[in-house]
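Q: Below is a structure I'd like to ask you about.
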Number of protein chains: 2
Amino acid sequence: MKKHNFSAGPCILPQSVLQQAAAAVKNFNDLNLSLLEISHRSKDFVAVMDTARSLALTHLGLQNKGYQALFLQGGASMQFLMTAYNLLEKKAAYLNTGTWSDKAIKEAKLLGEVVEVASSKSDNFNYIPKNYSIPGDADYFHCTSNNTIFGTQLQQFPETDIPMVCDMSSDIFSRQLDFSKFDLIYAGAQKNMGPAGATLVVVKEEILGKVSRAIPSMLNYKVQIGKESMFNTPSVFAVYVSMLTLQWLEDAGGISAIEKVNNQKAALLYAEIDRNSLFEGYVTKKEDRSKMNATFNLKDEQLKATFDESLKQAGISGINGHRSVGGYRASMYNALPLESVAVLVDVMQTVEKGA
Amino acid sequence: MKKHNFSAGPCILPQSVLQQAAAAVKNFNDLNLSLLEISHRSKDFVAVMDTARSLALTHLGLQNKGYQALFLQGGASMQFLMTAYNLLEKKAAYLNTGTWSDKAIKEAKLLGEVVEVASSKSDNFNYIPKNYSIPGDADYFHCTSNNTIFGTQLQQFPETDIPMVCDMSSDIFSRQLDFSKFDLIYAGAQKNMGPAGATLVVVKEEILGKVSRAIPSMLNYKVQIGKESMFNTPSVFAVYVSMLTLQWLEDAGGISAIEKVNNQKAALLYAEIDRNSLFEGYVTKKEDRSKMNATFNLKDEQLKATFDESLKQAGISGINGHRSVGGYRASMYNALPLESVAVLVDVMQTVEKGA
């Protein structure tokens with residue numbers, strides 16, 4: 001049976017990418033060797049890394065604007081540490097909008113003072129704080145653009161003169177933004193970009209080299225840039241599949257084209273959540289709703305077994321909410337077709353009619 | 001044409017593993033989903049992680065002996081930093097046998113005093129120093145078991161009462177050792193264990209928690225152990241392929257069985273290097289020769305074009321020496337069949353006859 005994969009991450013990837021990835025594991029570039037068994041210094045893999053880095057910048061509109069793209073390891077969690085290691089001299093400003101911001105703050109505190117400019121933690125992060133002020137003497141401002149667990153998303157970014165750092169793990173390449181407003185963007189690959197195991201970092205070079213501490217080689221963006229993202233053996237397969245996914249996005253018309261589909265998917269599902277008498281959204285302020293992850297609950301928990309069975313019958317997978325929120329979470333990343341959302345909406349309507 | 005893959009890493013993996021890995025990228029465990037698009041918290045992937053961790057300990061004979069196995073990211077280079085972060089309070093002792101030891105020393109120096117107990121650096125690491133003494137008041141002793149670039153390997157490990165840390169990236173699972181002599185073993189996967197993107201750490205729990213510094217979460221072995229190697233999203237595909245490779249090793253009879261084949265391969269090639277009038281080995285002391293990476297040079301560089309062409313015609317790939325040594329390097333990891341070494345020896349003999 002065809003699956004409709006709403007997993008929050010690792011998540012659905014384009015079918016064509018999966019087919020190409022599987023083929024490369026058997027025989028890469030007609031070398032009669034697997035992608036997994038060639039040197040990362042071979043010209044075939046160096047071309048993959050170069051293409052992936054270049055495509056990332058091109059999609060974001062940041063080619064030739066002083067930015068470098070890196071494919072590192074360790075996920076966003078390693079970036080919580082790396083950003084602070086490279087940028088935090090005395091004080092940094094963080095917006096706390098969810099579990100991941102909270103963890104980023106924890107790591108940054110090991111290296112300097114952290115000012116939490118605003119937080120929705122006391123409301124279990126069910127909205128995005130606004131109208132906060134950012135101290136002009138902070139070394140940087142850090143925010144999380146989309147909160148996978150709670151289903152909120154920043155629709156506006158603040159104006160500030162200090163460097164802006166953003167964890168875009170769960171919505172990068174899903175919508176148009178003026179990415180040049182950001183000085184450092186990072187993202188674990190396993191949502192819109194590829195499989196787990198690679199982490200994209202896009203950094204404006206001019207913000208680096210300003211802290212006084214000695215930075216360990218592996219945590220040092222300048223070292224990684226100097227080695228063209230190959231200071232040591234990169235996560236070869238994950239970088240390759242990221243390249244394929246970025247090429248797929250290019251073929252699909254880029255961010256502007258995929259954003260239209262993403263808007264359609266989100267509009268369809270949220271309309272049903274609001275219309276359907278059985279469900280309610282988790283996020284209290286509709287303007288803060290994420291177009292990537294829609295979180296919602298059954299008003300009557302007694303219907304859970306029926307709804308879950310109907311989801312299963314329809315081939316819908318990966319839709320359980322995170323344990324800290326409960327209920328359901330439909331993740332609608334770039335590779336999820338509109339058709340899958342329609343199937344979900346259909347199940348919601350059928351269960352309502354039968355209730 | 002069939003390739004004989006002597007690449008130093010990423011390197012040859014068992015054909016059966018590559019076939020299974022490619023299949024899982026299309027459809028994993030008959031879920032009708034790719035391995036790449038399921039949650040790392042799903043029971044199917046948790047079973048992969050648990051099996052991989054368990055197999056690693058079993059192969060090393062370290063089950064139920066106070067050790068934990070972790071599959072982390074960042075390669076051995078990240079372990080250069082992590083070992084020091086977790087273990088280095090005041091002073092550590094390092095044996096310098098090659099490029100990787102040298103890099104490990106550099107990172108450790110950021111966190112404390114490093115005593116280099118011995119070094120073969122002034123001879124471009126063409127032998128393994130012996131008869132050094134290890135300070136008993138150091139926090140730990142660190143060594144590199146096999147030096148990929150130079151083709152040397154520790155055949156004896158020192159006796160010491162302080163914790164012993166070993167970078168076994170390029171020879172783990174290739175030979176029997178009393179692994180319980182080591183308190184921390186780490187290895188990038190991309191030699192005998194799997195593809196690039198995963199790093200095995202095997203650590204005796206009792207040595208942890210003894211430094212006074214605050215350790216960032218991602219760099220903290222105790223945190224990673226507490227989360228059963230899933231503090232954050234692991235490198236799913238690389239862990240899976242590592243599991244498959246460890247299962248392949250089990251089916252092949254484990255380390256003791258593969259060691260016999262590795263000994264045959266090394267004996268065959270080194271005998272030819274010593275016998276053949278055209279070649280000479282790089283390592284000056286034969287007892288230090290690596291059974292994983294044989295480094296050798298043509299005595300007459302004018303024969304290079306002829307030899308290279310003959311290698312190419314025979315389907316031999318990945319055999320160029322590292323730039324810091326030159327010449328040739330035949331890497332003979334677990335998955336390389338004896339037959340491939342025989343093909344190489346045949347080429348060496350044919351070129352000698354024609355010279």
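Here's how to read the names in the structure tokens: chain A, B, ... by the order shown, residue numbers from 1 in each chain, ligand numbers from 1 in the order shown.
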Which chain A residues have any atom within 6 Å of an atom of chain B, and for each, what is the nearest pair of atoms with distance in Å to one decimal, counting only C-alpha atoms, rows sorted by chain and number, as CSV?
A:
```
residue,atom,partner,partner_atom,distance
A:Gly9,CA,B:Ser39,CA,5.8
A:Pro10,CA,B:Glu37,CA,5.2
A:Cys11,CA,B:Glu37,CA,4.2
A:Ile12,CA,B:Glu37,CA,4.8
A:Ala22,CA,B:Ala22,CA,4.4
A:Val25,CA,B:Ala22,CA,5.5
A:Leu36,CA,B:Pro195,CA,5.5
A:Glu37,CA,B:Cys11,CA,4.2
A:Ile38,CA,B:Pro10,CA,5.6
A:Ser39,CA,B:Pro10,CA,5.2
A:Gln73,CA,B:Gly74,CA,5.4
A:Gly74,CA,B:Gln73,CA,5.4
A:Pro195,CA,B:Leu36,CA,5.5
A:Ala196,CA,B:Ser235,CA,5.2
A:Gly197,CA,B:Ser235,CA,4.1
A:Ser235,CA,B:Gly197,CA,4.1
A:Val236,CA,B:Ala196,CA,5.9
```
Q: What's the 10 Å shell around Val283 (chain A), counting only C-alpha atoms, without same-chain residues fewer than 4 positions away, as a PyMOL selection string?
A: chain A and resi 124-128+150-152+287-290+294-296
Q: Those same residues - N, CA, C and O atoms - I'd like them written as an mmCIF file, in the first residue's frame.
A:
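part-v4.cif, written as the output of this step:
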```
data_model
loop_
_atom_site.group_PDB
_atom_site.id
_atom_site.type_symbol
_atom_site.label_atom_id
_atom_site.label_comp_id
_atom_site.auth_asym_id
_atom_site.auth_seq_id
_atom_site.Cartn_x
_atom_site.Cartn_y
_atom_site.Cartn_z
ATOM 1 N N ASN A 124 3.962 26.482 27.302
ATOM 2 C CA ASN A 124 4.392 25.319 26.518
ATOM 3 C C ASN A 124 4.549 25.666 25.034
ATOM 4 O O ASN A 124 4.196 24.884 24.157
ATOM 5 N N PHE A 125 5.077 26.858 24.809
ATOM 6 C CA PHE A 125 5.477 27.303 23.458
ATOM 7 C C PHE A 125 4.337 27.241 22.430
ATOM 8 O O PHE A 125 4.551 26.891 21.274
ATOM 9 N N ASN A 126 3.124 27.605 22.849
ATOM 10 C CA ASN A 126 2.017 27.527 21.891
ATOM 11 C C ASN A 126 1.787 28.822 21.100
ATOM 12 O O ASN A 126 0.768 28.992 20.434
ATOM 13 N N TYR A 127 2.739 29.749 21.179
ATOM 14 C CA TYR A 127 2.694 30.949 20.334
ATOM 15 C C TYR A 127 4.122 31.478 20.179
ATOM 16 O O TYR A 127 5.052 31.011 20.864
ATOM 17 N N ILE A 128 4.277 32.425 19.265
ATOM 18 C CA ILE A 128 5.569 33.077 19.049
ATOM 19 C C ILE A 128 5.553 34.452 19.714
ATOM 20 O O ILE A 128 4.713 35.295 19.358
ATOM 21 N N PHE A 150 6.092 22.049 18.342
ATOM 22 C CA PHE A 150 4.886 22.784 18.744
ATOM 23 C C PHE A 150 4.069 23.272 17.551
ATOM 24 O O PHE A 150 2.912 23.648 17.697
ATOM 25 N N GLY A 151 4.668 23.266 16.383
ATOM 26 C CA GLY A 151 3.921 23.679 15.189
ATOM 27 C C GLY A 151 3.775 25.182 15.040
ATOM 28 O O GLY A 151 2.760 25.670 14.544
ATOM 29 N N THR A 152 4.784 25.916 15.501
ATOM 30 C CA THR A 152 4.789 27.367 15.291
ATOM 31 C C THR A 152 5.923 27.755 14.352
ATOM 32 O O THR A 152 6.904 27.018 14.194
ATOM 33 N N GLU A 287 -1.816 33.216 13.464
ATOM 34 C CA GLU A 287 -0.757 33.800 12.635
ATOM 35 C C GLU A 287 0.616 33.163 12.902
ATOM 36 O O GLU A 287 1.558 33.376 12.137
ATOM 37 N N ASP A 288 0.703 32.392 13.988
ATOM 38 C CA ASP A 288 1.975 31.743 14.323
ATOM 39 C C ASP A 288 2.045 30.301 13.837
ATOM 40 O O ASP A 288 3.039 29.604 14.064
ATOM 41 N N ARG A 289 0.996 29.855 13.169
ATOM 42 C CA ARG A 289 0.967 28.457 12.726
ATOM 43 C C ARG A 289 2.069 28.148 11.715
ATOM 44 O O ARG A 289 2.345 28.930 10.813
ATOM 45 N N SER A 290 2.624 26.965 11.891
ATOM 46 C CA SER A 290 3.688 26.528 10.980
ATOM 47 C C SER A 290 3.093 25.928 9.716
ATOM 48 O O SER A 290 2.139 25.149 9.781
ATOM 49 N N ALA A 294 1.756 20.925 11.289
ATOM 50 C CA ALA A 294 0.460 21.305 11.863
ATOM 51 C C ALA A 294 0.180 20.412 13.063
ATOM 52 O O ALA A 294 0.125 19.186 12.939
ATOM 53 N N THR A 295 0.023 21.042 14.236
ATOM 54 C CA THR A 295 -0.248 20.281 15.467
ATOM 55 C C THR A 295 -1.720 20.445 15.833
ATOM 56 O O THR A 295 -2.249 21.556 15.832
ATOM 57 N N PHE A 296 -2.366 19.338 16.123
ATOM 58 C CA PHE A 296 -3.798 19.403 16.448
ATOM 59 C C PHE A 296 -4.188 18.232 17.339
ATOM 60 O O PHE A 296 -3.478 17.215 17.402
#
```
Q: At a cut-off of 8 Å, using only C-alpha atoms, what residues contact Phe141 (chain A)? Leave out same-chain residues fewer than 4 positions from it and give the result as a PDB file with N, CA and C atoms, in the first residue's frame.
A:
```pdb
ATOM      1  N   ALA A  92      25.044  37.193  24.257  1.00  0.00           N
ATOM      2  CA  ALA A  92      24.243  36.917  23.064  1.00  0.00           C
ATOM      3  C   ALA A  92      22.767  36.984  23.423  1.00  0.00           C
ATOM      4  N   ALA A  93      21.938  37.323  22.432  1.00  0.00           N
ATOM      5  CA  ALA A  93      20.492  37.461  22.645  1.00  0.00           C
ATOM      6  C   ALA A  93      19.776  36.307  21.956  1.00  0.00           C
ATOM      7  N   TYR A  94      18.906  35.616  22.703  1.00  0.00           N
ATOM      8  CA  TYR A  94      18.189  34.459  22.156  1.00  0.00           C
ATOM      9  C   TYR A  94      16.689  34.647  22.326  1.00  0.00           C
ATOM     10  N   LEU A  95      15.949  34.294  21.291  1.00  0.00           N
ATOM     11  CA  LEU A  95      14.490  34.224  21.371  1.00  0.00           C
ATOM     12  C   LEU A  95      14.133  32.772  21.657  1.00  0.00           C
ATOM     13  N   ILE A 134      15.893  43.803  21.207  1.00  0.00           N
ATOM     14  CA  ILE A 134      17.162  43.087  21.139  1.00  0.00           C
ATOM     15  C   ILE A 134      18.278  44.030  21.559  1.00  0.00           C
ATOM     16  N   ILE A 162      22.692  43.872  14.870  1.00  0.00           N
ATOM     17  CA  ILE A 162      23.687  42.859  15.229  1.00  0.00           C
ATOM     18  C   ILE A 162      23.493  41.626  14.353  1.00  0.00           C
ATOM     19  N   PRO A 163      24.504  40.779  14.239  1.00  0.00           N
ATOM     20  CA  PRO A 163      24.380  39.596  13.389  1.00  0.00           C
ATOM     21  C   PRO A 163      23.191  38.731  13.802  1.00  0.00           C
ATOM     22  N   MET A 164      22.478  38.233  12.802  1.00  0.00           N
ATOM     23  CA  MET A 164      21.309  37.394  13.074  1.00  0.00           C
ATOM     24  C   MET A 164      21.636  35.950  12.702  1.00  0.00           C
ATOM     25  N   VAL A 165      21.447  35.080  13.683  1.00  0.00           N
ATOM     26  CA  VAL A 165      21.711  33.641  13.525  1.00  0.00           C
ATOM     27  C   VAL A 165      20.368  32.924  13.575  1.00  0.00           C
TER      28      VAL A 165
END
```
Q: DSSP on the backbone, strand (DSSP E or B) only: what residues of region 151-353 of chain A does that give? Format it as a PyMOL selection string.
A: chain A and resi 152-153+164-167+184-188+199-204+279-281+289+293-298+316-317+320+328-331
Q: Could you tell me how far CA of Asn147 (chain A) sits from CA of Glu250 (chain A), in Å to one decimal place?
A: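 Between these atoms lies a distance of 25.5 Å.
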Q: Tell me, as number ranges by chain, which residues lie within 9 Å of region 345-348 of chain A, counting only C-alpha atoms; anything in the same chain fewer than 4 positions away does not count.
A: A: 268-269, 272-273, 276, 278-279, 307, 310-311, 314, 340-341, 352-353
Q: What does the file look like for those residues with all heavy atoms, as a short mmCIF file (atom, residue, chain, number, x, y, z; two decimals), in the first residue's frame?
A:
```cif
data_model
loop_
_atom_site.label_atom_id
_atom_site.label_comp_id
_atom_site.auth_asym_id
_atom_site.auth_seq_id
_atom_site.Cartn_x
_atom_site.Cartn_y
_atom_site.Cartn_z
N LEU A 268 -5.12 23.89 3.13
CA LEU A 268 -6.07 22.78 3.09
C LEU A 268 -6.23 22.13 4.47
O LEU A 268 -7.35 21.91 4.95
CB LEU A 268 -5.59 21.75 2.06
CG LEU A 268 -6.44 20.50 1.84
CD1 LEU A 268 -7.83 20.87 1.35
CD2 LEU A 268 -5.75 19.57 0.81
N LEU A 269 -5.11 21.84 5.11
CA LEU A 269 -5.19 21.13 6.39
C LEU A 269 -5.72 22.04 7.52
O LEU A 269 -6.58 21.63 8.30
CB LEU A 269 -3.82 20.56 6.77
CG LEU A 269 -3.79 19.78 8.09
CD1 LEU A 269 -4.84 18.65 8.09
CD2 LEU A 269 -2.41 19.21 8.36
N GLU A 272 -9.38 22.52 7.45
CA GLU A 272 -10.11 21.36 7.96
C GLU A 272 -10.04 21.29 9.49
O GLU A 272 -11.04 20.98 10.15
CB GLU A 272 -9.57 20.07 7.33
CG GLU A 272 -10.30 18.82 7.76
CD GLU A 272 -11.78 18.80 7.38
OE1 GLU A 272 -12.17 19.56 6.48
OE2 GLU A 272 -12.54 18.03 8.01
N ILE A 273 -8.86 21.58 10.04
CA ILE A 273 -8.73 21.58 11.51
C ILE A 273 -9.73 22.58 12.12
O ILE A 273 -10.39 22.30 13.12
CB ILE A 273 -7.27 21.93 11.93
CG1 ILE A 273 -6.33 20.78 11.57
CG2 ILE A 273 -7.19 22.26 13.42
CD1 ILE A 273 -4.84 21.11 11.70
N ASN A 276 -13.60 21.26 11.15
CA ASN A 276 -14.04 19.96 11.66
C ASN A 276 -14.34 20.05 13.17
O ASN A 276 -13.49 20.48 13.95
CB ASN A 276 -12.93 18.92 11.38
CG ASN A 276 -13.40 17.50 11.56
OD1 ASN A 276 -13.96 17.16 12.59
ND2 ASN A 276 -13.16 16.68 10.54
N LEU A 278 -14.45 17.85 15.36
CA LEU A 278 -13.74 16.90 16.23
C LEU A 278 -12.36 17.38 16.67
O LEU A 278 -11.81 16.85 17.62
CB LEU A 278 -13.56 15.55 15.50
CG LEU A 278 -14.81 14.85 14.99
CD1 LEU A 278 -14.44 13.47 14.44
CD2 LEU A 278 -15.85 14.70 16.09
N PHE A 279 -11.82 18.36 15.94
CA PHE A 279 -10.41 18.72 16.16
C PHE A 279 -10.23 20.17 16.60
O PHE A 279 -11.08 21.03 16.34
CB PHE A 279 -9.62 18.50 14.86
CG PHE A 279 -9.64 17.06 14.40
CD1 PHE A 279 -10.56 16.64 13.45
CD2 PHE A 279 -8.76 16.13 14.93
CE1 PHE A 279 -10.59 15.31 13.03
CE2 PHE A 279 -8.78 14.81 14.51
CZ PHE A 279 -9.70 14.39 13.56
N PHE A 307 -9.96 7.10 15.05
CA PHE A 307 -9.20 7.97 14.15
C PHE A 307 -7.87 7.31 13.78
O PHE A 307 -7.49 7.27 12.60
CB PHE A 307 -8.97 9.33 14.83
CG PHE A 307 -8.28 10.34 13.95
CD1 PHE A 307 -8.76 10.64 12.67
CD2 PHE A 307 -7.17 11.04 14.41
CE1 PHE A 307 -8.12 11.58 11.86
CE2 PHE A 307 -6.53 11.98 13.61
CZ PHE A 307 -7.00 12.25 12.34
N SER A 310 -8.41 4.64 11.24
CA SER A 310 -8.72 5.20 9.91
C SER A 310 -7.45 5.74 9.24
O SER A 310 -7.27 5.60 8.03
CB SER A 310 -9.75 6.32 10.04
OG SER A 310 -10.93 5.82 10.62
N LEU A 311 -6.59 6.36 10.03
CA LEU A 311 -5.31 6.86 9.49
C LEU A 311 -4.50 5.69 8.94
O LEU A 311 -3.95 5.75 7.84
CB LEU A 311 -4.52 7.58 10.59
CG LEU A 311 -5.08 8.91 11.10
CD1 LEU A 311 -4.36 9.35 12.37
CD2 LEU A 311 -4.98 10.00 10.02
N ALA A 314 -5.71 4.30 5.74
CA ALA A 314 -5.46 5.19 4.60
C ALA A 314 -3.97 5.24 4.23
O ALA A 314 -3.59 5.91 3.27
CB ALA A 314 -5.96 6.59 4.92
N SER A 340 -1.34 13.82 -0.48
CA SER A 340 -1.29 13.19 0.84
C SER A 340 -2.10 13.99 1.86
O SER A 340 -2.77 13.42 2.73
CB SER A 340 0.16 13.05 1.31
OG SER A 340 0.83 12.09 0.52
N VAL A 341 -2.05 15.30 1.75
CA VAL A 341 -2.84 16.14 2.67
C VAL A 341 -4.32 15.93 2.38
O VAL A 341 -5.15 15.85 3.31
CB VAL A 341 -2.45 17.63 2.54
CG1 VAL A 341 -3.29 18.49 3.48
CG2 VAL A 341 -0.97 17.82 2.83
N GLU A 352 -15.40 12.29 11.21
CA GLU A 352 -16.41 13.22 11.76
C GLU A 352 -17.82 12.73 11.42
O GLU A 352 -18.72 12.74 12.27
CB GLU A 352 -16.20 14.62 11.18
CG GLU A 352 -17.15 15.67 11.81
CD GLU A 352 -17.08 17.02 11.08
OE1 GLU A 352 -16.84 17.02 9.85
OE2 GLU A 352 -17.27 18.04 11.74
N LYS A 353 -17.99 12.31 10.17
CA LYS A 353 -19.33 11.85 9.74
C LYS A 353 -19.78 10.63 10.53
O LYS A 353 -20.94 10.46 10.84
CB LYS A 353 -19.32 11.51 8.25
CG LYS A 353 -19.43 12.75 7.36
CD LYS A 353 -19.30 12.39 5.88
CE LYS A 353 -18.98 13.63 5.06
NZ LYS A 353 -18.07 13.35 3.96
#
```
Q: Have a look at A:Val325, A:Leu200, A:Met292, A:Leu249 and name the one nearest to Ser229 (chain A); count only C-alpha atoms.
A: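 Among A:Val325, A:Leu200, A:Met292, A:Leu249, it is A:Leu200 that comes nearest to Ser229 (chain A).
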Q: For CA of Arg53 (chain B) and CA of Leu70 (chain B), quote the distance in Å rounded to one decimal.
A: 6.4 Å
Q: Which distance in Å separates CA of Tyr328 (chain B) and CA of Asn293 (chain B), to one decimal?
A: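 Computing it gives 9.8 Å between the two atoms.
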Q: Please identify which residues in region 26-203 of chain A DSSP calls alpha helix (DSSP H) from the backbone, and express them as a VMD selection string.
A: chain A and resid 26 43 to 60 75 to 87 99 to 108
